[in-house]
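Asks: Quick one: this structure, given as structure tokens, is what I'll be asking you about.
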Amino acid sequence: MSHSHRLRLTIALAAIDHVGSPNFSLLIDTMHVLRSGSLAADLAAIDPALIGYVQICDAPLEPVVANYAEESLFERMVPGEGELPLREILAVLPPGRVIGLEVPMR
């Protein structure tokens with residue numbers, strides 16, 4: 001993982017530490033996490049207590065729409081239809097977390 005990607009994860013974890021509330025945790029969104037350069041191993045290294053919720057979707061590994069917000073809002077794919085390593089991600093996430101599908105379609 002590049003320095004800038006480690007920094008993003010470090011900032012998110014620092015925010016959780018700063019707030020210091022047990023009900024303030026990470027929301028893992030597969031598209032955003034993987035597009036930011038994080039891998040399953042990076043998620044496996046996080047204290048499981050800090051992961052509160054998981055949003056699953058699929059997407060190509062590289063953006064297909066110039067506007068990232070547009071792609072995020074309207075072009076996500078059903079799990080299994082894209083290129084994200086969803087099985088690897090799900091295998092390292094802590095059990096017992098709420099998992100939702102994030103598959104908005106026009």
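If you're wondering about the labels, chains in the structure tokens are A, B, ... by order shown, residues count from 1 in each chain, ligands from 1 in order shown.
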Residues of range 2-69 of chain A classed as helix (DSSP H, G or I) by DSSP on the backbone are to be reported as an MDAnalysis selection string.

Replies: chainID A and resid 3:19 30:35 40:44 48:50 68:69

Asks: May I have the selected residues written with N, CA and C atoms, as a JSON list (two decimals), in the first residue's frame?

Replies:
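Contents of out-v1.json, freshly written:
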[["chain", "number", "residue", "atom", "x", "y", "z"],
["A", 3, "HIS", "N", 2.21, 5.16, 0.49],
["A", 3, "HIS", "CA", 2.19, 6.03, 1.67],
["A", 3, "HIS", "C", 0.88, 6.81, 1.77],
["A", 4, "SER", "N", 0.39, 7.34, 0.63],
["A", 4, "SER", "CA", -0.84, 8.14, 0.68],
["A", 4, "SER", "C", -2.04, 7.30, 1.09],
["A", 5, "HIS", "N", -2.07, 6.04, 0.67],
["A", 5, "HIS", "CA", -3.18, 5.18, 1.07],
["A", 5, "HIS", "C", -3.08, 4.82, 2.54],
["A", 6, "ARG", "N", -1.87, 4.54, 3.01],
["A", 6, "ARG", "CA", -1.70, 4.27, 4.44],
["A", 6, "ARG", "C", -2.12, 5.50, 5.24],
["A", 7, "LEU", "N", -1.81, 6.67, 4.72],
["A", 7, "LEU", "CA", -2.18, 7.91, 5.41],
["A", 7, "LEU", "C", -3.70, 8.03, 5.52],
["A", 8, "ARG", "N", -4.44, 7.68, 4.45],
["A", 8, "ARG", "CA", -5.90, 7.75, 4.50],
["A", 8, "ARG", "C", -6.45, 6.84, 5.59],
["A", 9, "LEU", "N", -5.96, 5.63, 5.65],
["A", 9, "LEU", "CA", -6.42, 4.71, 6.68],
["A", 9, "LEU", "C", -5.99, 5.20, 8.06],
["A", 10, "THR", "N", -4.78, 5.72, 8.16],
["A", 10, "THR", "CA", -4.29, 6.26, 9.43],
["A", 10, "THR", "C", -5.17, 7.42, 9.91],
["A", 11, "ILE", "N", -5.57, 8.28, 8.99],
["A", 11, "ILE", "CA", -6.44, 9.42, 9.35],
["A", 11, "ILE", "C", -7.80, 8.92, 9.84],
["A", 12, "ALA", "N", -8.36, 7.93, 9.16],
["A", 12, "ALA", "CA", -9.66, 7.40, 9.60],
["A", 12, "ALA", "C", -9.55, 6.79, 10.99],
["A", 13, "LEU", "N", -8.49, 6.04, 11.23],
["A", 13, "LEU", "CA", -8.30, 5.41, 12.54],
["A", 13, "LEU", "C", -8.01, 6.46, 13.61],
["A", 14, "ALA", "N", -7.30, 7.52, 13.25],
["A", 14, "ALA", "CA", -7.02, 8.60, 14.20],
["A", 14, "ALA", "C", -8.31, 9.33, 14.57],
["A", 15, "ALA", "N", -9.22, 9.49, 13.62],
["A", 15, "ALA", "CA", -10.51, 10.12, 13.91],
["A", 15, "ALA", "C", -11.29, 9.31, 14.92],
["A", 16, "ILE", "N", -11.28, 8.00, 14.75],
["A", 16, "ILE", "CA", -11.98, 7.12, 15.70],
["A", 16, "ILE", "C", -11.36, 7.27, 17.10],
["A", 17, "ASP", "N", -10.03, 7.27, 17.15],
["A", 17, "ASP", "CA", -9.33, 7.42, 18.43],
["A", 17, "ASP", "C", -9.65, 8.78, 19.05],
["A", 18, "HIS", "N", -9.67, 9.82, 18.24],
["A", 18, "HIS", "CA", -9.93, 11.17, 18.74],
["A", 18, "HIS", "C", -11.34, 11.30, 19.32],
["A", 19, "VAL", "N", -12.33, 10.75, 18.63],
["A", 19, "VAL", "CA", -13.71, 10.82, 19.12],
["A", 19, "VAL", "C", -13.85, 10.01, 20.40],
["A", 30, "THR", "N", -16.72, -1.46, 0.05],
["A", 30, "THR", "CA", -15.74, -2.18, -0.77],
["A", 30, "THR", "C", -15.22, -1.36, -1.95],
["A", 31, "MET", "N", -16.08, -0.61, -2.60],
["A", 31, "MET", "CA", -15.61, 0.18, -3.75],
["A", 31, "MET", "C", -14.60, 1.23, -3.31],
["A", 32, "HIS", "N", -14.93, 1.99, -2.27],
["A", 32, "HIS", "CA", -14.05, 3.06, -1.83],
["A", 32, "HIS", "C", -12.75, 2.52, -1.24],
["A", 33, "VAL", "N", -12.85, 1.48, -0.43],
["A", 33, "VAL", "CA", -11.65, 0.92, 0.20],
["A", 33, "VAL", "C", -10.69, 0.40, -0.86],
["A", 34, "LEU", "N", -11.19, -0.37, -1.80],
["A", 34, "LEU", "CA", -10.31, -0.96, -2.81],
["A", 34, "LEU", "C", -9.82, 0.07, -3.81],
["A", 35, "ARG", "N", -10.65, 1.02, -4.17],
["A", 35, "ARG", "CA", -10.22, 2.06, -5.10],
["A", 35, "ARG", "C", -9.18, 2.98, -4.45],
["A", 40, "ALA", "N", -7.11, -6.50, 1.27],
["A", 40, "ALA", "CA", -7.68, -7.31, 2.35],
["A", 40, "ALA", "C", -6.72, -7.35, 3.54],
["A", 41, "ALA", "N", -5.44, -7.45, 3.28],
["A", 41, "ALA", "CA", -4.45, -7.51, 4.37],
["A", 41, "ALA", "C", -4.48, -6.24, 5.22],
["A", 42, "ASP", "N", -4.74, -5.10, 4.61],
["A", 42, "ASP", "CA", -4.82, -3.85, 5.37],
["A", 42, "ASP", "C", -6.02, -3.87, 6.32],
["A", 43, "LEU", "N", -7.13, -4.43, 5.85],
["A", 43, "LEU", "CA", -8.31, -4.53, 6.71],
["A", 43, "LEU", "C", -8.11, -5.56, 7.80],
["A", 44, "ALA", "N", -7.41, -6.63, 7.48],
["A", 44, "ALA", "CA", -7.14, -7.67, 8.49],
["A", 44, "ALA", "C", -6.29, -7.13, 9.63],
["A", 48, "PRO", "N", -10.53, -5.48, 15.03],
["A", 48, "PRO", "CA", -11.91, -5.80, 14.62],
["A", 48, "PRO", "C", -12.98, -4.96, 15.31],
["A", 49, "ALA", "N", -12.72, -4.51, 16.52],
["A", 49, "ALA", "CA", -13.70, -3.70, 17.24],
["A", 49, "ALA", "C", -13.92, -2.35, 16.57],
["A", 50, "LEU", "N", -13.02, -1.93, 15.69],
["A", 50, "LEU", "CA", -13.15, -0.63, 15.03],
["A", 50, "LEU", "C", -13.95, -0.69, 13.73],
["A", 68, "TYR", "N", -16.05, 10.52, -10.39],
["A", 68, "TYR", "CA", -16.07, 9.47, -9.37],
["A", 68, "TYR", "C", -17.38, 9.48, -8.57],
["A", 69, "ALA", "N", -17.88, 10.64, -8.26],
["A", 69, "ALA", "CA", -19.14, 10.72, -7.50],
["A", 69, "ALA", "C", -20.28, 10.11, -8.30]]

Asks: Can you check which residues of chain A DSSP gives as strand (DSSP E) on the backbone and send them as a ChimeraX atom specification?

Replies: /A:26-29,51-56,98-101

Asks: Closest to Arg106 in chain A among A:Glu81, A:Glu75, A:Asp29, A:Glu88, using only C-alpha atoms?

Replies: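 Result for the nearest residue to Arg106 in chain A: A:Glu75.
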
Asks: Between A:Pro94, A:Pro22, A:Gly80, A:Pro85, which residue has the minimum interatomic distance to Ile46 in chain A, considering only C-alpha atoms?

Replies: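 Distance minimum relative to Ile46 in chain A lands on A:Pro94.
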
Asks: Counting only C-alpha atoms, which residues of range 76-98 of chain A fall within 7 Å of range 51-61 of chain A, and what is the closest atom pair for each with its distance in Å at one decimal, ordered by chain and rising number, as CSV?

Replies:
residue,atom,partner,partner_atom,distance
A:Arg76,CA,A:Ala59,CA,5.6
A:Met77,CA,A:Asp58,CA,4.7
A:Val78,CA,A:Asp58,CA,5.7
A:Pro79,CA,A:Asp58,CA,4.8
A:Gly80,CA,A:Asp58,CA,6.6
A:Glu81,CA,A:Asp58,CA,6.5
A:Gly82,CA,A:Ala59,CA,4.5
A:Glu83,CA,A:Pro60,CA,4.9
A:Leu84,CA,A:Asp58,CA,5.7
A:Arg97,CA,A:Tyr53,CA,5.8
A:Val98,CA,A:Tyr53,CA,5.4

Asks: Now that the selection is made, can you save its residues with N, CA and C atoms as a short mmCIF file (atom, residue, chain, number, x, y, z; two decimals), in the first residue's frame?

Replies:
data_model
loop_
_atom_site.label_atom_id
_atom_site.label_comp_id
_atom_site.auth_asym_id
_atom_site.auth_seq_id
_atom_site.Cartn_x
_atom_site.Cartn_y
_atom_site.Cartn_z
N ARG A 76 -22.41 1.36 -9.56
CA ARG A 76 -21.92 0.20 -8.82
C ARG A 76 -22.56 -1.06 -9.40
N MET A 77 -21.90 -2.18 -9.18
CA MET A 77 -22.37 -3.44 -9.75
C MET A 77 -22.78 -4.42 -8.66
N VAL A 78 -23.61 -5.36 -9.03
CA VAL A 78 -24.01 -6.44 -8.14
C VAL A 78 -22.77 -7.28 -7.82
N PRO A 79 -22.59 -7.70 -6.56
CA PRO A 79 -21.43 -8.53 -6.23
C PRO A 79 -21.31 -9.73 -7.18
N GLY A 80 -20.09 -9.91 -7.68
CA GLY A 80 -19.82 -10.99 -8.62
C GLY A 80 -19.80 -10.55 -10.07
N GLU A 81 -20.28 -9.33 -10.35
CA GLU A 81 -20.31 -8.85 -11.73
C GLU A 81 -19.12 -7.96 -12.08
N GLY A 82 -18.33 -7.58 -11.10
CA GLY A 82 -17.19 -6.69 -11.34
C GLY A 82 -15.87 -7.40 -11.09
N GLU A 83 -14.87 -6.60 -10.74
CA GLU A 83 -13.52 -7.12 -10.58
C GLU A 83 -12.97 -7.01 -9.16
N LEU A 84 -13.75 -6.50 -8.22
CA LEU A 84 -13.23 -6.34 -6.86
C LEU A 84 -13.06 -7.69 -6.18
N ARG A 97 -20.79 -8.56 11.90
CA ARG A 97 -21.03 -7.19 11.48
C ARG A 97 -22.22 -7.15 10.53
N VAL A 98 -22.96 -6.05 10.56
CA VAL A 98 -24.04 -5.86 9.61
C VAL A 98 -23.40 -5.62 8.25
#

Asks: Restricting the calculation to only C-alpha atoms: of A:Pro63, A:Val92, A:Leu101, A:Ser21, which residue gets closest to Asp47 in chain A?

Replies: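 With only C-alpha atoms as the atom set, the closest residue is A:Val92.
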
Asks: Out of A:Met105, A:Ile99, A:Ile89, A:Val65, which residue has the shortest atom-to-atom distance to Ser38 in chain A when counting only C-alpha atoms?

Replies: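 Closest candidate: A:Ile89.
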
Asks: Please indicate the distance in Å from CA of Ala45 in chain A to CA of Leu93 in chain A, rounded to one decimal place.

Replies: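 Separating CA of Ala45 in chain A from CA of Leu93 in chain A is a distance of 10.0 Å.
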